[in-house]
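final-v2.cif (mmCIF, C-alpha atoms) appears below.
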```cif
data_start
#
loop_
_atom_site.label_atom_id
_atom_site.label_comp_id
_atom_site.auth_asym_id
_atom_site.auth_seq_id
_atom_site.Cartn_x
_atom_site.Cartn_y
_atom_site.Cartn_z
CA MET I 58 -16.25 11.37 -5.43
CA GLU I 59 -16.36 13.97 -8.21
CA LYS I 60 -15.00 13.06 -11.63
CA SER I 61 -12.43 15.86 -11.45
CA LYS I 62 -11.08 14.45 -8.18
CA ILE I 63 -10.85 10.97 -9.68
CA MET I 64 -8.90 12.34 -12.65
CA GLU I 65 -6.57 14.20 -10.29
CA LEU I 66 -5.93 11.05 -8.26
CA LYS I 67 -5.32 8.97 -11.38
CA LYS I 68 -2.69 11.41 -12.63
CA ILE I 69 -0.96 11.27 -9.27
CA ALA I 70 -1.09 7.47 -9.21
CA TYR I 71 0.44 7.08 -12.66
CA THR I 72 3.13 9.58 -11.74
CA ILE I 73 3.89 7.46 -8.68
CA ARG I 74 4.08 4.43 -10.97
CA LYS I 75 6.79 6.23 -12.94
CA HIS I 76 8.65 6.77 -9.68
CA ILE I 77 8.42 3.04 -8.91
CA ILE I 78 9.87 2.09 -12.27
CA ASP I 79 12.68 4.65 -11.98
CA GLU I 80 13.50 3.69 -8.39
CA THR I 81 13.90 0.01 -9.16
CA TYR I 82 15.73 0.70 -12.43
CA HIS I 83 18.37 2.83 -10.72
CA ALA I 84 18.65 0.41 -7.79
CA GLY I 85 18.95 -2.58 -10.11
CA SER I 86 16.70 -4.44 -7.68
CA GLY I 87 13.43 -4.12 -5.82
CA HIS I 88 9.82 -5.18 -6.11
CA PRO I 89 7.93 -3.37 -8.87
CA GLY I 90 5.06 -5.84 -9.38
CA GLY I 91 3.41 -5.57 -5.98
CA SER I 92 4.33 -1.90 -5.71
CA LEU I 93 2.37 -1.14 -8.87
CA SER I 94 -0.64 -3.14 -7.71
CA CYS I 95 -1.10 -1.18 -4.47
CA THR I 96 -0.40 2.29 -5.91
CA ASP I 97 -4.04 3.31 -6.34
CA ILE I 98 -4.83 2.44 -2.72
CA LEU I 99 -1.87 4.48 -1.48
CA THR I 100 -2.91 7.39 -3.69
CA VAL I 101 -6.43 7.54 -2.27
CA LEU I 102 -5.12 7.23 1.29
CA TYR I 103 -2.44 9.92 1.08
CA PHE I 104 -4.13 12.36 -1.30
CA HIS I 105 -7.76 12.05 -0.22
CA SER I 106 -8.56 10.14 2.95
CA MET I 107 -5.84 10.37 5.58
CA ASN I 108 -5.41 13.17 8.10
CA ILE I 109 -1.70 13.97 7.72
CA ASP I 110 0.51 17.06 7.53
CA VAL I 111 3.71 17.03 5.46
CA ASN I 112 4.98 19.98 7.48
CA ASN I 113 4.47 18.07 10.72
CA PRO I 114 5.06 14.37 9.97
CA ARG I 115 4.89 13.42 13.65
CA MET I 116 1.68 15.32 14.39
CA GLU I 117 0.22 13.59 17.43
CA ASP I 118 -3.32 13.21 16.13
CA ARG I 119 -2.38 12.23 12.57
CA ASP I 120 -3.68 9.07 10.95
CA ARG I 121 -1.05 6.32 10.80
CA PHE I 122 -0.08 4.04 7.93
CA VAL I 123 1.77 0.72 8.03
CA LEU I 124 3.03 -0.99 4.87
CA SER I 125 2.92 -4.53 6.17
CA LYS I 126 4.23 -5.82 2.83
CA GLY I 127 7.37 -3.79 3.37
CA HIS I 128 9.19 -5.06 0.28
CA CYS I 129 6.87 -2.79 -1.74
CA ALA I 130 8.65 0.25 -0.31
CA PRO I 131 9.10 1.78 -3.81
CA ALA I 132 5.35 2.47 -3.88
CA LEU I 133 5.37 4.05 -0.42
CA TYR I 134 8.48 6.12 -1.15
CA GLY I 135 7.04 7.32 -4.45
CA THR I 136 3.82 8.32 -2.68
CA LEU I 137 5.60 10.12 0.16
CA ALA I 138 7.86 12.02 -2.23
CA GLU I 139 4.95 13.01 -4.46
CA LYS I 140 3.10 14.20 -1.37
CA GLY I 141 6.09 16.33 -0.37
CA PHE I 142 7.59 14.51 2.61
CA PHE I 143 11.03 14.50 0.98
CA PRO I 144 12.54 15.57 -2.39
CA LYS I 145 11.62 13.45 -5.42
CA GLU I 146 15.28 13.53 -6.46
CA GLU I 147 16.04 11.19 -3.58
CA LEU I 148 14.00 8.38 -5.12
CA ILE I 149 16.64 7.27 -7.60
CA LYS I 150 18.97 6.57 -4.66
CA LEU I 151 16.79 3.65 -3.54
CA ARG I 152 18.90 0.94 -1.88
CA SER I 153 22.10 2.95 -2.25
CA ALA I 154 24.58 2.76 0.64
CA ASP I 155 24.44 6.54 1.11
CA SER I 156 20.64 6.81 1.00
CA TYR I 157 18.03 6.68 3.75
CA LEU I 158 15.67 4.93 1.31
CA GLU I 159 16.42 1.36 2.27
CA GLY I 160 14.90 -1.71 0.64
CA HIS I 161 12.25 -1.73 3.37
CA PRO I 162 10.71 1.30 5.16
CA ASN I 163 12.63 2.66 8.15
CA MET I 164 10.65 4.93 10.47
CA ARG I 165 13.85 6.34 11.99
CA THR I 166 15.21 7.76 8.77
CA VAL I 167 12.41 8.26 6.22
CA PRO I 168 10.10 11.27 6.74
CA GLY I 169 6.47 10.17 6.76
CA VAL I 170 7.08 6.49 7.57
CA ASP I 171 5.15 5.53 10.72
CA MET I 172 6.46 1.98 11.18
CA SER I 173 9.53 0.05 10.06
CA THR I 174 8.48 -3.10 8.23
CA GLY I 175 9.96 -5.89 6.18
CA SER I 176 9.47 -9.19 7.97
CA LEU I 177 6.10 -10.29 6.64
CA ALA I 178 3.15 -10.31 9.10
CA GLN I 179 4.89 -8.10 11.64
CA GLY I 180 3.46 -4.95 10.08
CA ILE I 181 -0.17 -5.83 10.73
CA SER I 182 0.78 -6.80 14.30
CA ALA I 183 2.34 -3.36 14.77
CA ALA I 184 -0.76 -1.72 13.29
CA VAL I 185 -2.91 -3.57 15.82
CA GLY I 186 -0.69 -2.27 18.61
CA MET I 187 -0.87 1.28 17.27
CA ALA I 188 -4.66 1.08 17.11
CA MET I 189 -4.80 -0.26 20.67
CA ALA I 190 -2.61 2.65 21.80
CA GLY I 191 -5.02 5.07 20.15
CA LYS I 192 -7.89 3.54 22.09
CA LEU I 193 -6.01 3.66 25.40
CA ASP I 194 -5.01 7.28 24.81
CA LYS I 195 -8.56 8.15 23.77
CA LYS I 196 -7.37 9.49 20.40
CA ASP I 197 -9.56 9.53 17.30
CA TYR I 198 -6.91 8.80 14.68
CA THR I 199 -7.22 5.86 12.30
CA VAL I 200 -4.49 3.31 11.63
CA TYR I 201 -4.32 2.04 8.05
CA ALA I 202 -2.32 -0.91 6.75
CA ILE I 203 -1.73 -2.79 3.50
CA LEU I 204 -0.96 -6.51 3.49
CA GLY I 205 0.07 -8.71 0.59
CA ASP I 206 -2.10 -11.72 -0.12
CA GLY I 207 0.95 -14.01 0.02
CA GLU I 208 1.64 -12.49 3.44
CA LEU I 209 -1.60 -14.05 4.68
CA GLU I 210 0.23 -17.40 4.72
CA GLU I 211 2.03 -16.18 7.86
CA GLY I 212 0.41 -17.33 11.10
CA GLN I 213 1.17 -14.06 12.85
CA VAL I 214 -1.37 -12.33 10.58
CA TRP I 215 -4.13 -14.39 12.13
CA GLU I 216 -2.94 -13.90 15.71
CA ALA I 217 -3.00 -10.15 15.08
CA SER I 218 -6.40 -10.41 13.42
CA MET I 219 -7.83 -12.29 16.38
CA ALA I 220 -6.53 -9.62 18.77
CA ALA I 221 -7.89 -6.78 16.63
CA ALA I 222 -11.39 -8.24 16.71
CA HIS I 223 -11.18 -9.16 20.40
CA TYR I 224 -10.32 -5.58 21.35
CA LYS I 225 -12.91 -4.15 18.94
CA LEU I 226 -10.43 -1.95 17.12
CA ASN I 227 -12.79 -0.03 14.88
CA ASN I 228 -9.96 2.50 14.41
CA LEU I 229 -8.03 -0.07 12.34
CA VAL I 230 -8.59 -0.23 8.57
CA ALA I 231 -6.50 -2.69 6.61
CA PHE I 232 -6.30 -3.66 2.95
CA VAL I 233 -5.31 -6.93 1.34
CA ASP I 234 -3.59 -6.23 -1.97
CA HIS I 235 -5.17 -9.29 -3.58
CA ASN I 236 -3.23 -9.65 -6.83
CA GLY I 237 -3.05 -13.44 -6.52
CA MET I 238 0.72 -13.72 -6.88
CA GLN I 239 3.80 -13.99 -4.69
CA ILE I 240 7.47 -14.49 -5.44
CA ASP I 241 7.16 -18.26 -6.01
CA GLY I 242 3.97 -18.21 -8.10
CA LEU I 243 0.22 -18.09 -7.61
CA ILE I 244 -0.84 -17.87 -3.99
CA THR I 245 -3.33 -20.68 -4.58
CA GLU I 246 -0.49 -22.99 -5.63
CA VAL I 247 2.16 -21.98 -3.09
CA MET I 248 0.08 -22.09 0.11
CA SER I 249 -3.48 -20.99 -0.49
CA PRO I 250 -4.92 -18.52 2.04
CA GLU I 251 -8.33 -18.69 0.35
CA PRO I 252 -11.14 -18.02 1.02
CA VAL I 253 -9.73 -14.74 2.29
CA THR I 254 -13.08 -12.99 2.75
CA ASP I 255 -14.58 -15.82 4.78
CA LYS I 256 -11.48 -16.14 6.95
CA PHE I 257 -11.50 -12.50 8.04
CA LYS I 258 -15.23 -12.65 8.67
CA ALA I 259 -14.69 -15.74 10.82
CA PHE I 260 -12.04 -13.84 12.77
CA GLY I 261 -14.59 -11.14 13.58
CA TRP I 262 -13.70 -8.41 11.08
CA ASN I 263 -15.98 -6.22 9.04
CA VAL I 264 -15.04 -7.19 5.47
CA ILE I 265 -15.52 -5.13 2.30
CA ASN I 266 -14.68 -6.42 -1.19
CA ILE I 267 -13.66 -3.91 -3.87
CA ASN I 268 -11.82 -3.35 -7.12
CA GLY I 269 -8.48 -2.07 -5.86
CA HIS I 270 -8.00 0.13 -8.92
CA ASP I 271 -11.39 1.89 -8.67
CA TYR I 272 -10.92 5.18 -6.80
CA GLU I 273 -14.55 5.60 -5.92
CA GLN I 274 -14.77 2.08 -4.49
CA ILE I 275 -11.58 2.57 -2.48
CA SER I 276 -12.81 5.87 -1.05
CA GLU I 277 -16.29 4.56 -0.25
CA ALA I 278 -14.86 1.49 1.47
CA ILE I 279 -12.74 3.71 3.71
CA GLU I 280 -15.78 5.81 4.59
CA GLN I 281 -17.79 2.69 5.40
CA ALA I 282 -14.96 1.42 7.59
CA ARG I 283 -14.89 4.68 9.55
CA LYS I 284 -18.54 4.16 10.49
CA GLN I 285 -17.86 0.82 12.17
CA LYS I 286 -18.62 0.88 15.89
CA ASP I 287 -17.01 -2.27 17.26
CA LYS I 288 -15.00 -4.07 14.58
CA PRO I 289 -11.79 -3.60 12.62
CA THR I 290 -12.28 -3.50 8.85
CA MET I 291 -10.46 -5.51 6.21
CA ILE I 292 -10.86 -4.25 2.66
CA ILE I 293 -10.13 -7.04 0.17
CA ALA I 294 -8.89 -5.19 -2.90
CA GLU I 295 -8.78 -7.17 -6.15
CA THR I 296 -5.73 -5.87 -8.01
CA ILE I 297 -3.43 -6.65 -10.92
CA LYS I 298 0.23 -7.38 -10.32
CA GLY I 299 2.28 -4.82 -12.25
CA LYS I 300 -0.75 -2.60 -12.92
CA GLY I 301 -0.10 0.11 -15.52
CA VAL I 302 2.89 -1.44 -17.27
CA SER I 303 1.80 -3.83 -20.01
CA TYR I 304 4.70 -6.27 -19.87
CA MET I 305 4.51 -6.50 -16.06
CA GLU I 306 0.76 -6.94 -15.65
CA GLY I 307 -0.15 -10.37 -14.34
CA GLN I 308 3.44 -11.60 -14.56
CA VAL I 309 4.80 -13.23 -11.41
CA GLY I 310 8.36 -12.79 -12.68
CA TRP I 311 8.15 -9.07 -11.94
CA HIS I 312 7.57 -9.61 -8.23
CA GLY I 313 11.21 -8.94 -7.38
CA LYS I 314 13.06 -7.92 -10.53
CA ALA I 315 14.13 -4.50 -11.80
CA PRO I 316 13.70 -3.33 -15.42
CA ASP I 317 16.72 -2.55 -17.57
CA LYS I 318 16.97 0.77 -19.44
CA GLU I 319 15.06 -0.46 -22.49
CA LEU I 320 12.18 -1.73 -20.38
CA ARG I 321 12.29 1.34 -18.15
CA ASP I 322 11.91 3.52 -21.23
CA LYS I 323 9.08 1.34 -22.52
CA ALA I 324 7.25 1.62 -19.20
CA PHE I 325 7.77 5.39 -19.15
CA ALA I 326 6.31 5.71 -22.66
CA GLU I 327 3.20 3.77 -21.64
CA LEU I 328 2.71 5.67 -18.39
CA ASP I 329 3.31 9.04 -20.04
CA GLU I 330 0.68 8.21 -22.64
CA ILE I 331 -1.84 7.42 -19.92
CA ILE I 332 -1.02 10.64 -18.05
CA ALA I 333 -1.36 12.66 -21.26
CA ARG I 334 -4.82 11.18 -21.90
CA LEU I 335 -5.91 12.01 -18.35
CA GLU I 336 -4.82 15.63 -18.77
CA VAL I 337 -7.21 16.19 -21.67
CA VAL I 338 -10.24 14.53 -20.09
#
```

Could you rewrite the structure in this file as C-alpha cells?
Amino acid sequence: MEKSKIMELKKIAYTIRKHIIDETYHAGSGHPGGSLSCTDILTVLYFHSMNIDVNNPRMEDRDRFVLSKGHCAPALYGTLAEKGFFPKEELIKLRSADSYLEGHPNMRTVPGVDMSTGSLAQGISAAVGMAMAGKLDKKDYTVYAILGDGELEEGQVWEASMAAAHYKLNNLVAFVDHNGMQIDGLITEVMSPEPVTDKFKAFGWNVININGHDYEQISEAIEQARKQKDKPTMIIAETIKGKGVSYMEGQVGWHGKAPDKELRDKAFAELDEIIARLEVV
C-alpha cells in the first residue's frame, strides 16, 4: 500500500474516532473503548478493501460486513456516515428515541448495515450463514466480520467456527479485535479464551496475526485471506482499547461509559492534533 493511501486512511480513521466520541457524548451512553480499537480495521475494509456501493447499499454482489460485537455500533455508524451511507449530522442522535441509530446495528433501518447484531456470538453465526448462502448461490462476494475477544467466551462462537471450517467457507474473513479487555476487566481474568490463535487453528481456520492499527498489515492480511482455497480466515488483530484518546487507551473503565463535555473536548483536541499532523505529511 502506498504511503499516500496510508495517510488518507489514517485521516479518515481519526475523523471516525471523532464521530465515536461525539456520538457517545451526545447519547450520554455507549461503548467508546472497543469502538476506538476496531476503527482502523473498519477504515481499511470500507475505504480500501470491500466491494460496496453507497448508491446501491443492497447491491446483490456486494461484499457483506457483520459487526458481531454489536455494542461497538458507534464505530460502524461513524464509518458508514463518513463513507456516505447517511448524513453525518445523524450521528449525534445515537440512541435517541426518534433516531434510527439504535444502540446496536439494525439492518432494517440503517443504510449500509448488512446484519442486525447485539447478542454476542450471534453475529459470527449469521456471517457463517451468509457465507454459506454465497457458496450455494455461486456468488463471489466475501463476508467480513469483527468479533470482540471477550465475545470468544461464548460457546456459540465455536459452534459457528466449527461449521465454517467444515463447509470450507473461504469466502469468510473474520477479525478478532484483540484488545484484551471486556466490561468486567481483563479477558484473561474474567474467562480466558487464550490461546486464541491456537484455538482457531485447531478448529480448522487459516489464522493470521497482525497489528490491528497497522494499515499495511490489515490490508495484506485481507489479501492473503482472499487467496485461501478451502478455509475461512481469522485475523487476530492486536489492538489498544480506546486507541487514539490518551485517557481512554488501555482503560477498561471506558468499555461502556460516555465522556462528559470536558473530556469530549479533550479528546477532540488530541484527535484534531493528530489529523493536522497527517495533513502536512

Exercise for review: Can you turn the PyMOL selection byres ((chain I and resi 118) around 10) into a concrete residue list for this file, as a list of chain:residue names?
Suggested key: I:Asn108, I:Ile109, I:Arg115, I:Met116, I:Glu117, I:Arg119, I:Asp120, I:Arg121, I:Gly191, I:Lys196, I:Asp197, I:Tyr198, I:Thr199

Exercise for review: Rank I:Ser173, I:Thr296, I:Thr245, I:Gln179 by their smallest atom-to-atom distance to Asn266 (chain I), using all atoms listed in the file, and report the top residue only.
Suggested key: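 Among the listed residues, the smallest separation from Asn266 (chain I) belongs to I:Thr296.
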
Please tabulate, as a Markdown table, the residues of region 229-317 of chain I that come within 10 Å of region 126-138 of chain I, each with its closest pair of atoms and the distance in Å to one decimal, counting all atoms listed in the file and ordering rows by chain, then residue number upward.
```
| residue | atom | partner | partner_atom | distance |
| --- | --- | --- | --- | --- |
| I:Val233 | CA | I:Lys126 | CA | 9.7 |
| I:Asp234 | CA | I:Lys126 | CA | 9.2 |
| I:His312 | CA | I:Cys129 | CA | 9.4 |
| I:Gly313 | CA | I:His128 | CA | 8.8 |
```

**Study point:** Who sits within 10 Å of Lys288 (chain I), all atoms listed in the file, same chain under 5 positions skipped, as a list in words
**Key:** Ala221, Ala222, His223, Tyr224, Lys225, Leu226, Asn227, Asn228, Leu229, Val230, Gly261, Trp262, Asn263, Val264 and Ala282 of chain I

Per residue of region 174-279 of chain I within 10 Å of region 89-107 of chain I, which atom pair is closest and at what distance in Å (one decimal), using all atoms listed in the file, listed by chain and increasing number, as JSON lines?
```
{"residue": "I:Tyr198", "atom": "CA", "partner": "I:Met107", "partner_atom": "CA", "distance": 9.3}
{"residue": "I:Thr199", "atom": "CA", "partner": "I:Met107", "partner_atom": "CA", "distance": 8.2}
{"residue": "I:Val200", "atom": "CA", "partner": "I:Met107", "partner_atom": "CA", "distance": 9.4}
{"residue": "I:Tyr201", "atom": "CA", "partner": "I:Leu102", "partner_atom": "CA", "distance": 8.6}
{"residue": "I:Ala202", "atom": "CA", "partner": "I:Leu99", "partner_atom": "CA", "distance": 9.8}
{"residue": "I:Ile203", "atom": "CA", "partner": "I:Cys95", "partner_atom": "CA", "distance": 8.2}
{"residue": "I:Leu204", "atom": "CA", "partner": "I:Cys95", "partner_atom": "CA", "distance": 9.6}
{"residue": "I:Gly205", "atom": "CA", "partner": "I:Gly91", "partner_atom": "CA", "distance": 8.0}
{"residue": "I:Phe232", "atom": "CA", "partner": "I:Ile98", "partner_atom": "CA", "distance": 8.5}
{"residue": "I:Val233", "atom": "CA", "partner": "I:Cys95", "partner_atom": "CA", "distance": 9.2}
{"residue": "I:Asp234", "atom": "CA", "partner": "I:Cys95", "partner_atom": "CA", "distance": 6.2}
{"residue": "I:His235", "atom": "CA", "partner": "I:Ser94", "partner_atom": "CA", "distance": 8.7}
{"residue": "I:Asn236", "atom": "CA", "partner": "I:Ser94", "partner_atom": "CA", "distance": 7.1}
{"residue": "I:Met238", "atom": "CA", "partner": "I:Gly91", "partner_atom": "CA", "distance": 8.6}
{"residue": "I:Gln239", "atom": "CA", "partner": "I:Gly91", "partner_atom": "CA", "distance": 8.5}
{"residue": "I:Ile240", "atom": "CA", "partner": "I:Gly90", "partner_atom": "CA", "distance": 9.8}
{"residue": "I:Gly269", "atom": "CA", "partner": "I:Ile98", "partner_atom": "CA", "distance": 6.6}
{"residue": "I:His270", "atom": "CA", "partner": "I:Asp97", "partner_atom": "CA", "distance": 5.7}
{"residue": "I:Asp271", "atom": "CA", "partner": "I:Asp97", "partner_atom": "CA", "distance": 7.8}
{"residue": "I:Tyr272", "atom": "CA", "partner": "I:Val101", "partner_atom": "CA", "distance": 6.8}
{"residue": "I:Glu273", "atom": "CA", "partner": "I:Val101", "partner_atom": "CA", "distance": 9.1}
{"residue": "I:Ile275", "atom": "CA", "partner": "I:Ile98", "partner_atom": "CA", "distance": 6.8}
{"residue": "I:Ser276", "atom": "CA", "partner": "I:Val101", "partner_atom": "CA", "distance": 6.7}
{"residue": "I:Ile279", "atom": "CA", "partner": "I:Ser106", "partner_atom": "CA", "distance": 7.7}
```

Check your understanding: Just how far from CA of Leu193 (chain I) is CA of Glu216 (chain I), in Å to one decimal?
Key -> 20.3 Å

Here's the selection I'm unsure about, the PyMOL selection byres ((chain I and resi 301-308) around 9); applied to the file above, which residues does it give, as an mmCIF file with C-alpha atoms, in the frame of the given file?
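Generated output (out02.cif):
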```cif
data_model
loop_
_atom_site.group_PDB
_atom_site.id
_atom_site.type_symbol
_atom_site.label_atom_id
_atom_site.label_comp_id
_atom_site.auth_asym_id
_atom_site.auth_seq_id
_atom_site.Cartn_x
_atom_site.Cartn_y
_atom_site.Cartn_z
ATOM 1 C CA TYR I 71 0.440 7.080 -12.660
ATOM 2 C CA ARG I 74 4.080 4.430 -10.970
ATOM 3 C CA PRO I 89 7.930 -3.370 -8.870
ATOM 4 C CA GLY I 90 5.060 -5.840 -9.380
ATOM 5 C CA LEU I 93 2.370 -1.140 -8.870
ATOM 6 C CA SER I 94 -0.640 -3.140 -7.710
ATOM 7 C CA ASN I 236 -3.230 -9.650 -6.830
ATOM 8 C CA GLY I 237 -3.050 -13.440 -6.520
ATOM 9 C CA MET I 238 0.720 -13.720 -6.880
ATOM 10 C CA ILE I 297 -3.430 -6.650 -10.920
ATOM 11 C CA LYS I 298 0.230 -7.380 -10.320
ATOM 12 C CA GLY I 299 2.280 -4.820 -12.250
ATOM 13 C CA LYS I 300 -0.750 -2.600 -12.920
ATOM 14 C CA VAL I 309 4.800 -13.230 -11.410
ATOM 15 C CA GLY I 310 8.360 -12.790 -12.680
ATOM 16 C CA TRP I 311 8.150 -9.070 -11.940
ATOM 17 C CA HIS I 312 7.570 -9.610 -8.230
ATOM 18 C CA LEU I 320 12.180 -1.730 -20.380
ATOM 19 C CA LYS I 323 9.080 1.340 -22.520
ATOM 20 C CA ALA I 324 7.250 1.620 -19.200
ATOM 21 C CA PHE I 325 7.770 5.390 -19.150
ATOM 22 C CA GLU I 327 3.200 3.770 -21.640
ATOM 23 C CA LEU I 328 2.710 5.670 -18.390
ATOM 24 C CA ILE I 331 -1.840 7.420 -19.920
#
```

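Separating CA of Trp215 (chain I) from CA of Phe257 (chain I) is a distance of 8.6 Å.
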
Quick one: region 301-328 of chain I with N, CA and C atoms, as a tab-separated table (two decimals), in the frame of the given file?
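Here's the written file rebuild.tsv:
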```tsv
chain	number	residue	atom	x	y	z
I	301	GLY	N	-0.51	-1.10	-14.82
I	301	GLY	CA	-0.10	0.11	-15.52
I	301	GLY	C	1.03	-0.05	-16.48
I	302	VAL	N	1.76	-1.17	-16.37
I	302	VAL	CA	2.89	-1.44	-17.27
I	302	VAL	C	2.58	-2.76	-17.98
I	303	SER	N	2.35	-2.70	-19.27
I	303	SER	CA	1.80	-3.83	-20.01
I	303	SER	C	2.59	-5.12	-19.83
I	304	TYR	N	3.92	-5.04	-19.92
I	304	TYR	CA	4.70	-6.27	-19.87
I	304	TYR	C	4.87	-6.82	-18.44
I	305	MET	N	4.45	-6.03	-17.45
I	305	MET	CA	4.51	-6.50	-16.06
I	305	MET	C	3.17	-7.02	-15.56
I	306	GLU	N	2.08	-6.60	-16.18
I	306	GLU	CA	0.76	-6.94	-15.65
I	306	GLU	C	0.52	-8.45	-15.65
I	307	GLY	N	0.17	-8.97	-14.48
I	307	GLY	CA	-0.15	-10.37	-14.34
I	307	GLY	C	1.02	-11.31	-14.50
I	308	GLN	N	2.23	-10.79	-14.37
I	308	GLN	CA	3.44	-11.60	-14.56
I	308	GLN	C	4.17	-11.76	-13.23
I	309	VAL	N	4.20	-12.99	-12.72
I	309	VAL	CA	4.80	-13.23	-11.41
I	309	VAL	C	6.30	-12.94	-11.42
I	310	GLY	N	6.93	-13.03	-12.58
I	310	GLY	CA	8.36	-12.79	-12.68
I	310	GLY	C	8.78	-11.39	-12.31
I	311	TRP	N	7.84	-10.45	-12.29
I	311	TRP	CA	8.15	-9.07	-11.94
I	311	TRP	C	7.88	-8.78	-10.47
I	312	HIS	N	7.74	-9.82	-9.68
I	312	HIS	CA	7.57	-9.61	-8.23
I	312	HIS	C	8.81	-8.94	-7.65
I	313	GLY	N	9.98	-9.45	-7.97
I	313	GLY	CA	11.21	-8.94	-7.38
I	313	GLY	C	12.34	-8.77	-8.37
I	314	LYS	N	12.05	-8.12	-9.48
I	314	LYS	CA	13.06	-7.92	-10.53
I	314	LYS	C	12.96	-6.50	-11.07
I	315	ALA	N	14.12	-5.88	-11.31
I	315	ALA	CA	14.13	-4.50	-11.80
I	315	ALA	C	14.21	-4.47	-13.32
I	316	PRO	N	13.60	-3.47	-13.96
I	316	PRO	CA	13.70	-3.33	-15.42
I	316	PRO	C	15.06	-2.78	-15.83
I	317	ASP	N	15.52	-3.18	-17.02
I	317	ASP	CA	16.72	-2.55	-17.57
I	317	ASP	C	16.31	-1.24	-18.25
I	318	LYS	N	17.27	-0.55	-18.87
I	318	LYS	CA	16.97	0.77	-19.44
I	318	LYS	C	15.92	0.68	-20.54
I	319	GLU	N	16.02	-0.33	-21.39
I	319	GLU	CA	15.06	-0.46	-22.49
I	319	GLU	C	13.64	-0.64	-21.96
I	320	LEU	N	13.51	-1.49	-20.95
I	320	LEU	CA	12.18	-1.73	-20.38
I	320	LEU	C	11.73	-0.56	-19.51
I	321	ARG	N	12.66	0.12	-18.88
I	321	ARG	CA	12.29	1.34	-18.15
I	321	ARG	C	11.71	2.36	-19.11
I	322	ASP	N	12.37	2.55	-20.24
I	322	ASP	CA	11.91	3.52	-21.23
I	322	ASP	C	10.55	3.12	-21.80
I	323	LYS	N	10.37	1.82	-22.00
I	323	LYS	CA	9.08	1.34	-22.52
I	323	LYS	C	7.97	1.61	-21.51
I	324	ALA	N	8.24	1.35	-20.24
I	324	ALA	CA	7.25	1.62	-19.20
I	324	ALA	C	6.94	3.11	-19.12
I	325	PHE	N	7.97	3.94	-19.18
I	325	PHE	CA	7.77	5.39	-19.15
I	325	PHE	C	6.88	5.85	-20.30
I	326	ALA	N	7.11	5.31	-21.49
I	326	ALA	CA	6.31	5.71	-22.66
I	326	ALA	C	4.84	5.37	-22.44
I	327	GLU	N	4.58	4.18	-21.89
I	327	GLU	CA	3.20	3.77	-21.64
I	327	GLU	C	2.55	4.64	-20.57
I	328	LEU	N	3.27	4.88	-19.49
I	328	LEU	CA	2.71	5.67	-18.39
I	328	LEU	C	2.51	7.13	-18.78
```
